[in-house]
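**Student:** Quick one: the structure is below, questions incoming.
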Amino acid sequence: MDISFKAVSHTYQPNSPFEYRALKDLSFNIQSGQFVAIVGHTGSGKSTLIQHLNGLLKPTSGEVMIGGYRLKAGEKTANIKGLREKVGVVFQYPEHQLFEETIEKDIAFGPKNFGATEEEIQTRLPKVLEAVNLDAKLLDRSPFDLSGGQMRRVAIAGVLAMEPEVLVLDEPTAGLDPKGQQEVMDMFYRLHHEKGLTTILVTHSMEDALKYADHVIILEQGKKHLEGQPEEIFVQKERLKQVQLDVPEEIQFLMDLKTRLGISITYDKHSVDDLVREIKAQIGGGR
Ligand SMILES: Nc1ncnc2c1ncn2[C@@H]1O[C@H](COP(=O)(O)OP(=O)(O)OP(=O)(O)O)[C@@H](O)[C@H]1O
């Protein structure tokens, strides 16, 4: 689904002493099928932004379009349930929201709520278990018997079981060890391509944004600071520094190669082997 924000502002608790303008005149477009990273410091408005994607929040002014669904102040969104079915949100620490007595019931909760039949649920279950790499033998167990990493997979399976078209991920790897982080991100990346999803990832990791996203939006105090393709955005060291963000390690490495050794390699999601080959070619290092 195409998504657009048109001059969106969001003010919390308006006309009260606690009034806070968390989004300020924000405009951008996301095309169906894109993998977008939203990056920004604590308090820059990332969570506020993503809550507009499934109608948990509405703009105070401006307009959000998600496919054919419109969110606008003073206007009732037609069929908001349909929107929530199509936009799956994996909130931070989603395992905290598990509550059913078995894993099967927890995964089935969302689809059931949206009217999926028992038969449909039984067809979806093996697929989502496979996607998150969970053993079907666990279905009758309590989610609370599992490890933290497995509990998160159950929670993610519950979102996938809704068969969303748009997947919104709010820091999905927070609190996982490095191996778990990579597994979870690789899983989302695979799903994104296999299912032709539109994916919106909120992250603090410049490396993840570089590795997985094809479009990046950097927020600062509720405003758009930078937007574009990762390889355009992440070379802008000074602009990133203004908002206390660093150039991702891989890009910094390529920049250092250029300034220190005169080796010029354009960023292109290299594997280590590709990189070694290119460096060798430039320094005349033979095979
Ligand atoms: N319910 C609320 N009432 C008042 N202010 C709020 C509310 N929720 C968030 N804010 C404020 O809005 C600003 C943006 O918050 P938001 O959670 O969107 O930022 P964020 O970029 O997601 O931060 P983090 O990385 O810490 O999750 C913050 O200054 C926050 O204090």
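Identifiers for the structure tokens are assigned positionally: chains receive A, B, ... in sequence, residues are indexed from 1 per chain, and ligands are indexed from 1 in the order shown.
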Excluding Arg152 of chain A and its own-chain neighbours fewer than 3 positions away, which residues fall within 10 Å of it when counting only C-alpha atoms? Please give them as a list in words.
**Tutor:**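 With the cut-off at 10 Å, the set is Val90, Gln92, Tyr93, Pro94, Glu95, His96, Gln97, Leu98, Val132, Pro143, Leu146, Ser147, Gly148, Gly149, Ala155, Ile156, Ala157, Gly158, Pro172, Thr173, Leu176 and Val184 of chain A.
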**Student:** From a DSSP calculation on the backbone, collect every residue of segment 31-218 of chain A in alpha helix (DSSP H) and output the set as a PyMOL selection string.
**Tutor:** chain A and resi 46-50+80-86+103-113+118-132+148-160+178-195+206-212
**Student:** As a list in words, please: the residues near segment 261-268 of chain A (cut-off 9 Å, only C-alpha atoms, same-chain neighbours under 6 positions excluded).
**Tutor:**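 Here the answer would be Glu231, Glu250, Ile251, Leu254, Met255, Leu275, Glu278, Ile279, Gln282 and Ile283 of chain A.
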**Student:** Kindly export the residues of the current selection with N, CA and C atoms, as a compact mmCIF listing (two decimals), in the first residue's frame.
**Tutor:**
# COMPACT_ATOMS: atom_id res chain seq x y z
N GLU A 231 22.38 5.20 0.77
CA GLU A 231 23.74 5.53 0.34
C GLU A 231 23.93 7.03 0.09
N GLU A 250 30.30 0.73 8.08
CA GLU A 250 30.74 0.27 6.76
C GLU A 250 31.07 1.47 5.84
N ILE A 251 30.21 2.50 5.92
CA ILE A 251 30.42 3.68 5.08
C ILE A 251 31.66 4.43 5.57
N LEU A 254 34.66 2.88 4.15
CA LEU A 254 34.91 3.23 2.76
C LEU A 254 35.44 4.66 2.64
N MET A 255 34.92 5.56 3.53
CA MET A 255 35.42 6.94 3.52
C MET A 255 36.89 6.98 3.91
N LEU A 275 34.36 -6.76 -1.46
CA LEU A 275 35.15 -5.61 -1.03
C LEU A 275 36.64 -5.90 -1.21
N GLU A 278 37.59 -5.77 -4.81
CA GLU A 278 37.68 -4.39 -5.34
C GLU A 278 38.94 -3.69 -4.87
N ILE A 279 39.25 -3.87 -3.57
CA ILE A 279 40.45 -3.21 -3.03
C ILE A 279 41.68 -3.76 -3.75
N GLN A 282 42.11 -2.29 -7.09
CA GLN A 282 42.58 -0.91 -7.12
C GLN A 282 44.04 -0.75 -6.70
N ILE A 283 44.50 -1.65 -5.82
CA ILE A 283 45.92 -1.50 -5.43
C ILE A 283 46.82 -2.39 -6.28
**Student:** Do you know which residues are at most 10 Å from Asp208 of chain A counting only C-alpha atoms, after dropping those on the same chain fewer than 5 positions away, and could you put them as a ChimeraX atom specification?
**Tutor:** /A:37,181-182,185,201,203,213,248
**Student:** What does the file look like for those residues with C-alpha atoms, as a short mmCIF file (atom, residue, chain, number, x, y, z; two decimals), in the first residue's frame?
**Tutor:**
data_model
loop_
_atom_site.label_atom_id
_atom_site.label_comp_id
_atom_site.auth_asym_id
_atom_site.auth_seq_id
_atom_site.Cartn_x
_atom_site.Cartn_y
_atom_site.Cartn_z
CA ALA A 37 13.89 3.03 8.01
CA GLN A 181 19.22 -9.29 16.43
CA GLN A 182 20.59 -10.44 13.11
CA MET A 185 16.20 -8.66 11.04
CA LEU A 201 11.36 -0.03 10.54
CA THR A 203 15.59 1.84 14.54
CA ALA A 213 16.26 -0.21 3.99
CA PRO A 248 27.41 3.66 9.71
#
**Student:** Mind running chain A against ligand 1 at 6 Å and telling me each contacting residue's nearest atom pair with the distance in Å (one decimal), counting only C-alpha atoms and all ligand atoms, chain and number ascending, as JSON lines?
**Tutor:**
{"residue": "A:Tyr12", "atom": "CA", "partner": "ligand 1", "partner_atom_place_in_ligand_line": "4 (C)", "distance": 4.8}
{"residue": "A:Tyr20", "atom": "CA", "partner": "ligand 1", "partner_atom_place_in_ligand_line": "5 (N)", "distance": 5.4}
{"residue": "A:Ala22", "atom": "CA", "partner": "ligand 1", "partner_atom_place_in_ligand_line": "12 (O)", "distance": 4.5}
{"residue": "A:His41", "atom": "CA", "partner": "ligand 1", "partner_atom_place_in_ligand_line": "25 (O)", "distance": 5.7}
{"residue": "A:Thr42", "atom": "CA", "partner": "ligand 1", "partner_atom_place_in_ligand_line": "25 (O)", "distance": 3.5}
{"residue": "A:Gly43", "atom": "CA", "partner": "ligand 1", "partner_atom_place_in_ligand_line": "19 (O)", "distance": 3.5}
{"residue": "A:Ser44", "atom": "CA", "partner": "ligand 1", "partner_atom_place_in_ligand_line": "21 (O)", "distance": 3.8}
{"residue": "A:Gly45", "atom": "CA", "partner": "ligand 1", "partner_atom_place_in_ligand_line": "18 (O)", "distance": 3.3}
{"residue": "A:Lys46", "atom": "CA", "partner": "ligand 1", "partner_atom_place_in_ligand_line": "22 (O)", "distance": 3.8}
{"residue": "A:Ser47", "atom": "CA", "partner": "ligand 1", "partner_atom_place_in_ligand_line": "22 (O)", "distance": 3.6}
{"residue": "A:Thr48", "atom": "CA", "partner": "ligand 1", "partner_atom_place_in_ligand_line": "18 (O)", "distance": 3.7}
**Student:** As number ranges by chain, please: every residue in segment 3-240 of chain A that DSSP puts in strand (DSSP E).
**Tutor:** A: 3-12, 20-30, 35-40, 61-66, 69-72, 87-90, 166-170, 198-203, 215-220, 223-228
**Student:** For Ile103 of chain A, please output as a list in words all residues within 10 Å (counting only C-alpha atoms; exclusion window: fewer than 2 positions along the same chain).
**Tutor:**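 Answer for this query is Leu98, Phe99, Glu100, Glu101, Lys105, Asp106, Ile107, Ala108, Phe109, Ala136, Leu138, Leu139, Asp140, Arg141, Ser142, Pro143, Phe144, Asp145, Leu146, Met151, Val154, Ala155, Ala157 and Gly158 of chain A.
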**Student:** Find the residue from A:Gln34, A:Thr102, A:Gln252, A:Ser271 that sits nearest to His192 of chain A; use only C-alpha atoms when measuring.
**Tutor:** A:Gln34
**Student:** Taking 6 positions as the minimum chain separation for residues in the same chain, which residues sit within 12 Å of Val247 of chain A when counting only C-alpha atoms? Answer as a VMD selection string.
**Tutor:** chain A and resid 205 to 210 230 to 241 253 to 256
**Student:** Return the single residue from A:Gly88, A:Gly55, A:Pro17, A:Gly62 that is closest to Ile200 of chain A, with distances computed using only C-alpha atoms.
**Tutor:**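 Closest residue, counting only C-alpha atoms: A:Gly88.
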**Student:** Between atom CA of Arg153 of chain A and atom CA of His204 of chain A, what distance in Å does the model show, to one decimal?
**Tutor:** 20.7 Å
**Student:** Between atom CA of Lys6 of chain A and atom CA of Glu227 of chain A, measure the distance and give it in Å to one decimal.
**Tutor:**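 Distance between the two atoms: 14.9 Å.
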**Student:** Which is closest to Glu63 of chain A among A:Ile3, A:Val8, A:Leu191, A:Leu129, if we use only C-alpha atoms?
**Tutor:**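 When distances to Glu63 of chain A are compared using only C-alpha atoms, the smallest one comes from A:Val8.
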**Student:** Can you pull out the residues contacting Met162 of chain A? Cut-off 10 Å, using only C-alpha atoms, and skip same-chain residues under 5 positions away; I want them as an MDAnalysis selection string.
**Tutor:** chainID A and resid 84:88 107:114 116 121 124 128 157
